[in-house]
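> Please find entry31.pdb (PDB, C-alpha atoms) on the next line:
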```
MODEL        1
ATOM      1  CA  MET A  28     -85.117  26.955  46.866
ATOM      2  CA  LEU A  29     -81.522  27.951  46.268
ATOM      3  CA  TRP A  30     -82.034  28.340  42.525
ATOM      4  CA  SER A  31     -85.081  30.565  42.979
ATOM      5  CA  ALA A  32     -83.240  32.725  45.495
ATOM      6  CA  ILE A  33     -80.302  33.203  43.136
ATOM      7  CA  LYS A  34     -82.607  34.134  40.270
ATOM      8  CA  ALA A  35     -84.389  36.616  42.528
ATOM      9  CA  VAL A  36     -81.158  38.583  43.001
ATOM     10  CA  GLY A  37     -81.414  39.708  39.376
ATOM     11  CA  SER A  38     -78.626  41.056  37.188
ATOM     12  CA  SER A  39     -77.408  44.340  35.780
ATOM     13  CA  THR A  40     -76.709  45.180  32.161
ATOM     14  CA  THR A  41     -73.007  44.371  32.550
ATOM     15  CA  ASP A  42     -73.410  41.006  34.325
ATOM     16  CA  ARG A  43     -73.707  37.589  32.789
ATOM     17  CA  VAL A  44     -77.216  36.160  32.974
ATOM     18  CA  ILE A  45     -77.395  33.022  35.115
ATOM     19  CA  GLY A  46     -79.393  30.372  33.274
ATOM     20  CA  LEU A  47     -80.410  26.748  33.434
ATOM     21  CA  ARG A  48     -77.033  25.709  32.032
ATOM     22  CA  ASP A  49     -75.380  27.067  35.175
ATOM     23  CA  LEU A  50     -77.879  25.191  37.363
ATOM     24  CA  ARG A  51     -77.140  21.943  35.518
ATOM     25  CA  LYS A  52     -73.393  22.530  35.876
ATOM     26  CA  TYR A  53     -73.741  23.176  39.603
ATOM     27  CA  CYS A  54     -75.808  20.020  40.105
ATOM     28  CA  THR A  55     -73.253  17.953  38.187
ATOM     29  CA  ARG A  56     -70.374  19.357  40.212
ATOM     30  CA  SER A  57     -72.196  18.861  43.512
ATOM     31  CA  GLU A  58     -72.991  15.267  42.595
ATOM     32  CA  ALA A  59     -69.304  14.647  41.872
ATOM     33  CA  LEU A  60     -68.472  15.733  45.425
ATOM     34  CA  LEU A  61     -70.605  12.964  46.941
ATOM     35  CA  PRO A  62     -68.912   9.669  47.819
ATOM     36  CA  SER A  63     -70.193   6.530  46.100
ATOM     37  CA  SER A  64     -71.662   5.262  49.381
ATOM     38  CA  TYR A  65     -73.549   8.470  50.062
ATOM     39  CA  ARG A  66     -77.267   8.197  50.784
ATOM     40  CA  PRO A  67     -79.073  11.538  51.036
ATOM     41  CA  ILE A  68     -81.278  12.238  54.010
ATOM     42  CA  ILE A  69     -84.794  13.079  52.866
ATOM     43  CA  PRO A  70     -86.030  16.164  54.730
ATOM     44  CA  ASP A  71     -89.337  16.231  56.545
ATOM     45  CA  SER A  72     -92.311  17.281  54.451
ATOM     46  CA  SER A  73     -92.995  20.171  56.805
ATOM     47  CA  TYR A  74     -90.213  22.144  55.083
ATOM     48  CA  ALA A  75     -92.304  22.286  51.929
ATOM     49  CA  GLN A  76     -95.197  23.829  53.841
ATOM     50  CA  VAL A  77     -93.188  26.520  55.633
ATOM     51  CA  ASP A  78     -90.055  27.580  53.727
ATOM     52  CA  TYR A  79     -86.906  26.160  52.243
ATOM     53  CA  ASP A  80     -84.446  27.462  54.836
ATOM     54  CA  GLY A  81     -82.327  24.627  56.178
ATOM     55  CA  VAL A  82     -83.371  22.022  53.613
ATOM     56  CA  LEU A  83     -79.857  21.657  52.212
ATOM     57  CA  VAL A  84     -78.469  21.488  55.733
ATOM     58  CA  SER A  85     -80.763  18.556  56.479
ATOM     59  CA  VAL A  86     -79.963  16.761  53.227
ATOM     60  CA  PHE A  87     -76.211  17.368  53.542
ATOM     61  CA  PRO A  88     -75.373  17.371  57.258
ATOM     62  CA  ASN A  89     -71.608  17.167  56.656
ATOM     63  CA  PRO A  90     -70.270  20.755  57.030
ATOM     64  CA  THR A  91     -67.139  20.009  54.998
ATOM     65  CA  LEU A  92     -69.313  18.878  52.087
ATOM     66  CA  ARG A  93     -71.408  22.037  52.300
ATOM     67  CA  GLU A  94     -68.252  24.162  52.262
ATOM     68  CA  ALA A  95     -67.135  22.377  49.097
ATOM     69  CA  MET A  96     -70.596  22.982  47.602
ATOM     70  CA  PHE A  97     -70.243  26.678  48.429
ATOM     71  CA  LEU A  98     -66.925  26.841  46.562
ATOM     72  CA  GLU A  99     -68.525  25.108  43.588
ATOM     73  CA  ALA A 100     -71.332  27.679  43.674
ATOM     74  CA  ARG A 101     -68.694  30.413  43.660
ATOM     75  CA  ASP A 102     -67.096  29.005  40.519
ATOM     76  CA  VAL A 103     -70.437  28.580  38.735
ATOM     77  CA  PHE A 104     -72.556  31.540  39.848
ATOM     78  CA  PHE A 105     -70.384  34.414  41.073
ATOM     79  CA  GLY A 106     -66.699  33.573  40.578
ATOM     80  CA  ALA A 107     -66.080  35.336  37.254
ATOM     81  CA  GLY A 108     -64.890  38.560  38.876
ATOM     82  CA  SER A 109     -66.547  41.942  39.351
ATOM     83  CA  LEU A 110     -65.387  45.187  37.784
ATOM     84  CA  THR A 111     -68.198  47.600  38.658
ATOM     85  CA  THR A 112     -69.882  48.523  41.927
ATOM     86  CA  ALA A 113     -73.180  47.035  40.772
ATOM     87  CA  SER A 114     -71.472  43.765  39.874
ATOM     88  CA  ARG A 115     -69.709  43.544  43.224
ATOM     89  CA  THR A 116     -72.981  44.204  45.023
ATOM     90  CA  ARG A 117     -74.695  41.441  43.044
ATOM     91  CA  THR A 118     -71.814  39.032  43.705
ATOM     92  CA  THR A 119     -71.980  39.707  47.430
ATOM     93  CA  ALA A 120     -75.746  39.160  47.424
ATOM     94  CA  ILE A 121     -75.475  35.811  45.607
ATOM     95  CA  ALA A 122     -72.715  34.667  47.960
ATOM     96  CA  ALA A 123     -74.881  35.535  50.947
ATOM     97  CA  VAL A 124     -77.845  33.647  49.486
ATOM     98  CA  VAL A 125     -75.785  30.516  48.820
ATOM     99  CA  ALA A 126     -74.198  30.658  52.283
ATOM    100  CA  GLU A 127     -77.605  31.010  53.941
ATOM    101  CA  HIS A 128     -79.117  28.024  52.126
ATOM    102  CA  LEU A 129     -76.051  25.897  52.901
ATOM    103  CA  GLY A 130     -76.124  26.839  56.560
ATOM    104  CA  LEU A 131     -72.773  28.645  56.570
ATOM    105  CA  THR A 132     -72.076  31.595  58.811
ATOM    106  CA  GLN A 133     -70.855  34.913  57.466
ATOM    107  CA  GLU A 134     -67.458  34.316  59.083
ATOM    108  CA  LYS A 135     -67.121  30.936  57.387
ATOM    109  CA  CYS A 136     -68.205  32.457  54.081
ATOM    110  CA  ASN A 137     -65.618  35.233  54.370
ATOM    111  CA  TRP A 138     -62.903  32.694  55.255
ATOM    112  CA  LEU A 139     -63.706  30.504  52.235
ATOM    113  CA  LEU A 140     -63.633  33.485  49.888
ATOM    114  CA  GLY A 141     -60.723  35.382  51.413
ATOM    115  CA  GLN A 142     -58.384  32.990  53.230
ATOM    116  CA  HIS A 143     -58.975  29.418  52.125
ATOM    117  CA  VAL A 144     -55.976  27.997  50.202
ATOM    118  CA  PRO A 145     -56.426  24.747  48.222
ATOM    119  CA  GLU A 146     -53.747  22.126  48.753
ATOM    120  CA  VAL A 147     -51.394  21.269  45.896
ATOM    121  CA  VAL A 148     -49.987  17.807  46.599
ATOM    122  CA  ASN A 149     -48.075  15.316  44.448
ATOM    123  CA  GLU A 150     -49.107  11.726  45.181
ATOM    124  CA  MET A 151     -46.328   9.210  44.436
ATOM    125  CA  ASP A 152     -46.120   5.457  44.018
ATOM    126  CA  SER A 153     -43.671   3.047  45.655
ATOM    127  CA  ASN A 154     -40.997   3.964  43.087
ATOM    128  CA  GLY A 155     -41.146   7.649  43.899
ATOM    129  CA  ARG A 156     -42.906   8.614  40.666
ATOM    130  CA  THR A 157     -45.716  11.139  40.745
ATOM    131  CA  THR A 158     -48.967   9.442  39.743
ATOM    132  CA  THR A 159     -51.545  12.057  40.714
ATOM    133  CA  VAL A 160     -51.496  15.801  41.288
ATOM    134  CA  ARG A 161     -54.162  16.742  43.820
ATOM    135  CA  LEU A 162     -55.359  20.313  43.450
ATOM    136  CA  GLY A 163     -57.818  21.081  46.192
ATOM    137  CA  ARG A 164     -60.751  18.699  45.830
ATOM    138  CA  ILE A 165     -59.656  17.285  42.469
ATOM    139  CA  GLY A 166     -56.946  14.763  41.632
ATOM    140  CA  LEU A 167     -55.580  14.699  38.068
ATOM    141  CA  SER A 168     -53.670  11.675  36.798
ATOM    142  CA  VAL A 169     -50.112  12.237  35.616
ATOM    143  CA  GLN A 170     -49.212  10.869  32.216
ATOM    144  CA  THR A 171     -46.672   8.082  32.483
ATOM    145  CA  VAL A 172     -43.254   8.899  31.046
ATOM    146  CA  LYS A 173     -40.457   6.454  30.282
ATOM    147  CA  SER A 174     -37.555   6.742  32.685
ATOM    148  CA  ASP A 175     -35.043   7.170  29.877
ATOM    149  CA  ILE A 176     -36.816  10.239  28.520
ATOM    150  CA  SER A 177     -35.841  13.408  30.348
ATOM    151  CA  LEU A 178     -38.525  16.058  30.691
ATOM    152  CA  PRO A 179     -37.753  19.589  29.504
ATOM    153  CA  PRO A 180     -36.634  21.947  32.272
ATOM    154  CA  THR A 181     -39.373  24.114  33.716
ATOM    155  CA  ARG A 182     -39.196  27.698  34.917
ATOM    156  CA  PRO A 183     -39.421  28.330  38.677
ATOM    157  CA  PHE A 184     -43.050  28.693  39.750
ATOM    158  CA  VAL A 185     -44.258  29.881  43.156
ATOM    159  CA  ILE A 186     -47.625  28.462  44.194
ATOM    160  CA  HIS A 187     -49.102  31.312  46.207
ATOM    161  CA  ARG A 188     -52.766  31.568  47.160
ATOM    162  CA  PRO A 189     -54.118  33.103  43.894
ATOM    163  CA  ALA A 190     -52.159  30.538  41.848
ATOM    164  CA  ALA A 191     -53.374  27.622  43.981
ATOM    165  CA  ILE A 192     -56.996  28.804  43.711
ATOM    166  CA  LEU A 193     -56.785  29.236  39.952
ATOM    167  CA  MET A 194     -55.089  25.856  39.452
ATOM    168  CA  SER A 195     -57.768  24.207  41.596
ATOM    169  CA  ARG A 196     -60.559  25.803  39.571
ATOM    170  CA  ILE A 197     -58.927  24.805  36.295
ATOM    171  CA  ALA A 198     -58.477  21.234  37.588
ATOM    172  CA  THR A 199     -62.189  21.060  38.360
ATOM    173  CA  CYS A 200     -63.050  22.169  34.832
ATOM    174  CA  ILE A 201     -60.674  19.559  33.391
ATOM    175  CA  SER A 202     -62.170  16.769  35.493
ATOM    176  CA  MET A 203     -65.711  17.763  34.451
ATOM    177  CA  GLY A 204     -64.812  18.216  30.773
ATOM    178  CA  GLU A 205     -65.672  21.925  30.789
ATOM    179  CA  PRO A 206     -63.991  24.530  28.563
ATOM    180  CA  VAL A 207     -61.922  27.208  30.285
ATOM    181  CA  LEU A 208     -61.477  30.866  29.371
ATOM    182  CA  LEU A 209     -58.905  32.876  31.335
ATOM    183  CA  THR A 210     -59.118  36.651  31.041
ATOM    184  CA  GLY A 211     -56.925  39.361  32.483
ATOM    185  CA  GLU A 212     -54.213  41.865  31.773
ATOM    186  CA  THR A 213     -50.873  40.925  30.247
ATOM    187  CA  GLY A 214     -48.397  39.532  32.749
ATOM    188  CA  THR A 215     -50.913  38.316  35.335
ATOM    189  CA  GLY A 216     -49.812  34.682  34.961
ATOM    190  CA  LYS A 217     -52.447  33.137  32.696
ATOM    191  CA  THR A 218     -49.946  31.380  30.418
ATOM    192  CA  SER A 219     -47.586  30.553  33.288
ATOM    193  CA  ILE A 220     -50.363  28.760  35.184
ATOM    194  CA  ILE A 221     -51.283  26.576  32.210
ATOM    195  CA  THR A 222     -47.646  25.860  31.385
ATOM    196  CA  HIS A 223     -46.875  24.808  34.952
ATOM    197  CA  LEU A 224     -49.999  22.630  35.154
ATOM    198  CA  ALA A 225     -49.126  20.883  31.895
ATOM    199  CA  SER A 226     -45.601  20.308  33.205
ATOM    200  CA  LEU A 227     -46.918  18.756  36.426
ATOM    201  CA  LEU A 228     -49.183  16.385  34.481
ATOM    202  CA  HIS A 229     -46.504  15.582  31.853
ATOM    203  CA  HIS A 230     -48.847  16.613  29.046
ATOM    204  CA  PRO A 231     -47.742  18.431  25.889
ATOM    205  CA  LEU A 232     -48.871  22.024  25.570
ATOM    206  CA  ILE A 233     -49.782  23.654  22.269
ATOM    207  CA  SER A 234     -49.687  27.443  22.473
ATOM    208  CA  LEU A 235     -51.184  29.644  19.755
ATOM    209  CA  ASN A 236     -50.667  33.399  19.800
ATOM    210  CA  LEU A 237     -53.816  35.055  18.467
ATOM    211  CA  SER A 238     -54.297  38.618  17.283
ATOM    212  CA  GLN A 239     -56.777  40.721  15.334
ATOM    213  CA  GLN A 240     -55.291  39.326  12.133
ATOM    214  CA  THR A 241     -55.911  35.688  13.165
ATOM    215  CA  GLU A 242     -58.383  33.889  10.910
ATOM    216  CA  SER A 243     -60.329  30.673  11.408
ATOM    217  CA  SER A 244     -58.145  28.960   8.805
ATOM    218  CA  ASP A 245     -55.130  29.487  11.090
ATOM    219  CA  LEU A 246     -56.789  27.213  13.654
ATOM    220  CA  LEU A 247     -58.821  24.805  11.503
ATOM    221  CA  GLY A 248     -56.606  24.689   8.419
ATOM    222  CA  SER A 249     -57.593  25.270   4.808
ATOM    223  CA  TYR A 250     -56.824  24.170   1.284
ATOM    224  CA  LYS A 251     -54.044  26.201  -0.251
ATOM    225  CA  PRO A 252     -52.183  25.789  -3.553
ATOM    226  CA  ILE A 253     -48.863  24.036  -3.064
ATOM    227  CA  ASP A 254     -46.088  22.866  -5.355
ATOM    228  CA  GLY A 255     -46.357  19.087  -5.734
ATOM    229  CA  ARG A 256     -42.573  18.799  -5.574
ATOM    230  CA  VAL A 257     -42.610  19.731  -1.864
ATOM    231  CA  PRO A 258     -44.518  16.644  -0.639
ATOM    232  CA  GLY A 259     -42.886  14.663  -3.445
ATOM    233  CA  SER A 260     -39.434  15.418  -2.027
ATOM    234  CA  GLU A 261     -40.562  14.275   1.422
ATOM    235  CA  LEU A 262     -41.798  11.001  -0.039
ATOM    236  CA  GLN A 263     -38.517  10.606  -1.913
ATOM    237  CA  LEU A 264     -36.503  10.989   1.298
ATOM    238  CA  ARG A 265     -38.629   8.385   3.067
ATOM    239  CA  PHE A 266     -38.293   6.090   0.049
ATOM    240  CA  LEU A 267     -34.490   6.402   0.087
ATOM    241  CA  ASP A 268     -34.358   5.478   3.771
ATOM    242  CA  LEU A 269     -36.212   2.246   3.062
ATOM    243  CA  PHE A 270     -34.387   1.574  -0.198
ATOM    244  CA  ARG A 271     -30.903   1.912   1.303
ATOM    245  CA  SER A 272     -31.828  -0.431   4.141
ATOM    246  CA  THR A 273     -32.426  -3.169   1.539
ATOM    247  CA  PHE A 274     -30.078  -2.440  -1.370
ATOM    248  CA  SER A 275     -26.534  -1.121  -1.684
ATOM    249  CA  GLN A 276     -26.325   2.637  -2.142
ATOM    250  CA  LYS A 277     -23.068   2.483  -4.120
ATOM    251  CA  LYS A 278     -24.473  -0.010  -6.624
ATOM    252  CA  ASN A 279     -27.665   1.977  -7.210
ATOM    253  CA  VAL A 280     -26.393   5.534  -7.645
ATOM    254  CA  LYS A 281     -27.931   5.871 -11.105
ATOM    255  CA  PHE A 282     -31.265   4.501  -9.914
ATOM    256  CA  GLU A 283     -31.450   7.042  -7.086
ATOM    257  CA  GLU A 284     -30.512   9.844  -9.484
ATOM    258  CA  SER A 285     -33.332   8.756 -11.778
ATOM    259  CA  THR A 286     -35.894   8.921  -8.989
ATOM    260  CA  TRP A 287     -34.621  12.335  -7.870
ATOM    261  CA  ASN A 288     -34.774  13.717 -11.415
ATOM    262  CA  ALA A 289     -38.330  12.426 -11.850
ATOM    263  CA  VAL A 290     -39.411  14.158  -8.640
ATOM    264  CA  LYS A 291     -37.641  17.442  -9.418
ATOM    265  CA  GLU A 292     -39.097  17.571 -12.924
ATOM    266  CA  GLY A 293     -42.591  16.698 -11.690
ATOM    267  CA  LYS A 294     -42.792  13.468 -13.693
ATOM    268  CA  TRP A 295     -44.953  11.681 -11.152
ATOM    269  CA  LYS A 296     -45.875   8.735 -13.355
ATOM    270  CA  ARG A 297     -42.213   7.884 -13.877
ATOM    271  CA  ALA A 298     -41.379   8.472 -10.173
ATOM    272  CA  ALA A 299     -44.210   6.208  -9.043
ATOM    273  CA  GLY A 300     -43.092   3.549 -11.539
ATOM    274  CA  LEU A 301     -39.534   3.598 -10.172
ATOM    275  CA  TRP A 302     -40.805   3.345  -6.592
ATOM    276  CA  LYS A 303     -42.990   0.374  -7.478
ATOM    277  CA  GLU A 304     -40.110  -1.283  -9.332
ATOM    278  CA  SER A 305     -37.930  -1.070  -6.219
ATOM    279  CA  VAL A 306     -40.718  -2.716  -4.214
ATOM    280  CA  ARG A 307     -40.862  -5.580  -6.708
ATOM    281  CA  LEU A 308     -37.075  -6.040  -6.552
ATOM    282  CA  ALA A 309     -37.174  -5.996  -2.760
ATOM    283  CA  LYS A 310     -39.841  -8.721  -2.719
ATOM    284  CA  ASP A 311     -37.800 -10.841  -5.144
ATOM    285  CA  ARG A 312     -34.726 -10.518  -2.933
ATOM    286  CA  ILE A 313     -36.677 -11.489   0.178
ATOM    287  CA  ARG A 314     -38.138 -14.556  -1.585
ATOM    288  CA  SER A 315     -34.714 -15.640  -2.830
ATOM    289  CA  ARG A 316     -33.201 -15.359   0.647
ATOM    290  CA  LEU A 317     -36.065 -17.340   2.152
ATOM    291  CA  SER A 318     -35.686 -20.062  -0.441
ATOM    292  CA  GLU A 319     -31.921 -20.237   0.163
ATOM    293  CA  ALA A 320     -32.485 -20.532   3.896
ATOM    294  CA  THR A 321     -34.990 -23.330   3.321
ATOM    295  CA  ARG A 322     -32.550 -25.292   1.099
ATOM    296  CA  CYS A 323     -29.812 -24.950   3.711
ATOM    297  CA  VAL A 324     -32.052 -26.329   6.434
ATOM    298  CA  TRP A 325     -33.258 -29.318   4.436
ATOM    299  CA  ALA A 326     -29.990 -30.163   2.611
ATOM    300  CA  PRO A 327     -28.868 -33.793   3.331
ATOM    301  CA  ARG A 328     -25.693 -34.227   5.286
ATOM    302  CA  VAL A 329     -22.742 -35.421   3.174
ATOM    303  CA  GLN A 330     -20.711 -38.286   4.710
TER     304      GLN A 330
ENDMDL
END
```
Written as structure tokens, that's how I'd like the structure from this file.


Amino acid sequence: MLWSAIKAVGSSTTDRVIGLRDLRKYCTRSEALLPSSYRPIIPDSSYAQVDYDGVLVSVFPNPTLREAMFLEARDVFFGAGSLTTASRTRTTAIAAVVAEHLGLTQEKCNWLLGQHVPEVVNEMDSNGRTTTVRLGRIGLSVQTVKSDISLPPTRPFVIHRPAAILMSRIATCISMGEPVLLTGETGTGKTSIITHLASLLHHPLISLNLSQQTESSDLLGSYKPIDGRVPGSELQLRFLDLFRSTFSQKKNVKFEESTWNAVKEGKWKRAAGLWKESVRLAKDRIRSRLSEATRCVWAPRVQ
């Protein structure tokens, strides 16, 4: 079987060990490539008695599907990059094993790894708005944006072959709900790729610059001592916005000064009492206006 052949290649001390998690990921990705109407062709039982060569070709006769399965195998089993001679030799061996089991020639394998360029296409609706960004085999939905909200300007981005391949691989991970880790030297385009992809999909991007001094609390948050007057001032500003929309600011200058003094001095019991008192006065005013409106509606007409 393909899995047994890949395991038989082995690994060096510097390579990542291929485990059952990778097999499960490859099966999930391959299943996602199949159309909903697909019905696999069950191979003849004679394959089990002789060898496993050609089994996948019989089950998946469509060559385009097998090429897509080969690219998925690249991303899962041998697409992490090779830095040493031993790693490159192992990568080449795994690629040859996968190509053989999928019935792909060496020329086709070399073309998929060295020349194939995934398409990057924007699919639009009848109004000319981009609804889906198709990156190779995967289509990602674009977040709807109101027409009156202008998107921030983006930097020029050239989609050459390495960028298209990387964007396609990232899109596959996004569609399958898999985490992504991009590694490489500074200035190779890791951040630019993610920024451009987020811009295409109209999704906000949160960027965190990490260093050796970064702690877990910088990402997860932590409890730290804080002066109560800082959040108290924020609450006071929100209170004033609501208060001035109901009552006259000129007629309540002293009341606002009292609330500000209570917050600045940290007298929270008094500040909370003043806030509650304003709520009670606002309710009384609303009730009085409703009662006046009711009397005006039901007042008898005077001849």

> Once the PyMOL selection byres ((chain A and resi 56) around 10) has been applied to the shown file, what residues remain in the selection, as a ChimeraX atom specification?

/A:50-55,57-61,95-96,99-100,103,199-200,202-203

> Return the padded bounding box of region 210-213 of chain A as lines of an AutoDock Vina configuration file: axis-aligned, built from all atoms listed in the file, 8 Å added on each side, with centre and edge lengths in Å to one decimal.


```
center_x = -55.0
center_y = 39.3
center_z = 31.4
size_x = 24.2
size_y = 21.2
size_z = 18.2
```

> Would you compute the distance between CA of Ser85 (chain A) and CA of Ala126 (chain A)? Give it in Å to one decimal.

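So the two atoms, CA of Ser85 (chain A) and CA of Ala126 (chain A), lie 14.4 Å apart.
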
> Just give me the gap between CA of Thr158 (chain A) and CA of Ser195 (chain A) in Å, one decimal is fine.

17.3 Å

> Expressed in Å to a single decimal, how great is the separation between CA of Ile197 (chain A) and CA of Glu146 (chain A)?

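Between these atoms lies a distance of 13.8 Å.
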
> Got a sec: who's within 12 Å of region 210-215 of chain A, counting all atoms listed in the file, leaving out chain neighbours fewer than 2 positions off, as a PDB file with C-alpha atoms, in the frame of the given file?


```pdb
ATOM      1  CA  ALA A 107     -66.080  35.336  37.254  1.00  0.00           C
ATOM      2  CA  GLY A 108     -64.890  38.560  38.876  1.00  0.00           C
ATOM      3  CA  LEU A 110     -65.387  45.187  37.784  1.00  0.00           C
ATOM      4  CA  PRO A 189     -54.118  33.103  43.894  1.00  0.00           C
ATOM      5  CA  ALA A 190     -52.159  30.538  41.848  1.00  0.00           C
ATOM      6  CA  LEU A 193     -56.785  29.236  39.952  1.00  0.00           C
ATOM      7  CA  VAL A 207     -61.922  27.208  30.285  1.00  0.00           C
ATOM      8  CA  LEU A 208     -61.477  30.866  29.371  1.00  0.00           C
ATOM      9  CA  LYS A 217     -52.447  33.137  32.696  1.00  0.00           C
ATOM     10  CA  THR A 218     -49.946  31.380  30.418  1.00  0.00           C
ATOM     11  CA  SER A 219     -47.586  30.553  33.288  1.00  0.00           C
ATOM     12  CA  ILE A 220     -50.363  28.760  35.184  1.00  0.00           C
TER      13      ILE A 220
END
```

> So that I can see what lies close to Gly255 (chain A), please list as a VMD selection string the residues with an atom at most 12 Å from it, counting only C-alpha atoms and leaving out residues fewer than 3 positions away in the same chain.

chain A and resid 251 to 252 258 to 262 290 to 295

> Those residues with C-alpha atoms, as a PDB file, keeping the file's coordinate frame please?


```pdb
ATOM      1  CA  LYS A 251     -54.044  26.201  -0.251  1.00  0.00           C
ATOM      2  CA  PRO A 252     -52.183  25.789  -3.553  1.00  0.00           C
ATOM      3  CA  PRO A 258     -44.518  16.644  -0.639  1.00  0.00           C
ATOM      4  CA  GLY A 259     -42.886  14.663  -3.445  1.00  0.00           C
ATOM      5  CA  SER A 260     -39.434  15.418  -2.027  1.00  0.00           C
ATOM      6  CA  GLU A 261     -40.562  14.275   1.422  1.00  0.00           C
ATOM      7  CA  LEU A 262     -41.798  11.001  -0.039  1.00  0.00           C
ATOM      8  CA  VAL A 290     -39.411  14.158  -8.640  1.00  0.00           C
ATOM      9  CA  LYS A 291     -37.641  17.442  -9.418  1.00  0.00           C
ATOM     10  CA  GLU A 292     -39.097  17.571 -12.924  1.00  0.00           C
ATOM     11  CA  GLY A 293     -42.591  16.698 -11.690  1.00  0.00           C
ATOM     12  CA  LYS A 294     -42.792  13.468 -13.693  1.00  0.00           C
ATOM     13  CA  TRP A 295     -44.953  11.681 -11.152  1.00  0.00           C
TER      14      TRP A 295
END
```

> May I ask which of the residues A:Ser64, A:Asn288, A:Asn236, A:Ser226 is the closest one to Val160 (chain A), counting only C-alpha atoms?

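Closest residue, counting only C-alpha atoms: A:Ser226.
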
> May I have the protein, DNA and RNA residues with an atom at most 8 Å from (-78.4, 27.3, 50.1), counting only C-alpha atoms in the file's coordinates, returned as a PDB file with C-alpha atoms, keeping the file's coordinate frame?


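As a result, selection-v2.pdb now contains:
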```
ATOM      1  CA  MET A  28     -85.117  26.955  46.866  1.00  0.00           C
ATOM      2  CA  LEU A  29     -81.522  27.951  46.268  1.00  0.00           C
ATOM      3  CA  ASP A  80     -84.446  27.462  54.836  1.00  0.00           C
ATOM      4  CA  GLY A  81     -82.327  24.627  56.178  1.00  0.00           C
ATOM      5  CA  LEU A  83     -79.857  21.657  52.212  1.00  0.00           C
ATOM      6  CA  VAL A 124     -77.845  33.647  49.486  1.00  0.00           C
ATOM      7  CA  VAL A 125     -75.785  30.516  48.820  1.00  0.00           C
ATOM      8  CA  ALA A 126     -74.198  30.658  52.283  1.00  0.00           C
ATOM      9  CA  GLU A 127     -77.605  31.010  53.941  1.00  0.00           C
ATOM     10  CA  HIS A 128     -79.117  28.024  52.126  1.00  0.00           C
ATOM     11  CA  LEU A 129     -76.051  25.897  52.901  1.00  0.00           C
ATOM     12  CA  GLY A 130     -76.124  26.839  56.560  1.00  0.00           C
TER      13      GLY A 130
END
```

> Looking at A:Phe87, A:Phe266, A:Phe97, A:Trp302, which one is nearest to Ala123 (chain A), with distances taken over all atoms listed in the file?

A:Phe97

> Taking only C-alpha atoms into account, which of A:Arg48, A:Ile33, A:Leu269, A:Glu205 comes nearest Ala122 (chain A)?

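Once distances to Ala122 (chain A) are computed over only C-alpha atoms, the minimum belongs to A:Ile33.
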
> Can you list, as JSON, numbers by chain, every protein, DNA or RNA residue that comes within 12 Å of Ile233 (chain A) when you count only C-alpha atoms, leaving out same-chain residues fewer than 5 positions away?

{"A": [218, 221, 222, 225, 246]}

> Given the choices A:Leu301, A:Val257, A:Leu228, A:Ile165, which gets closest to Ala289 (chain A) if the distance is worked out from all atoms listed in the file?

A:Leu301
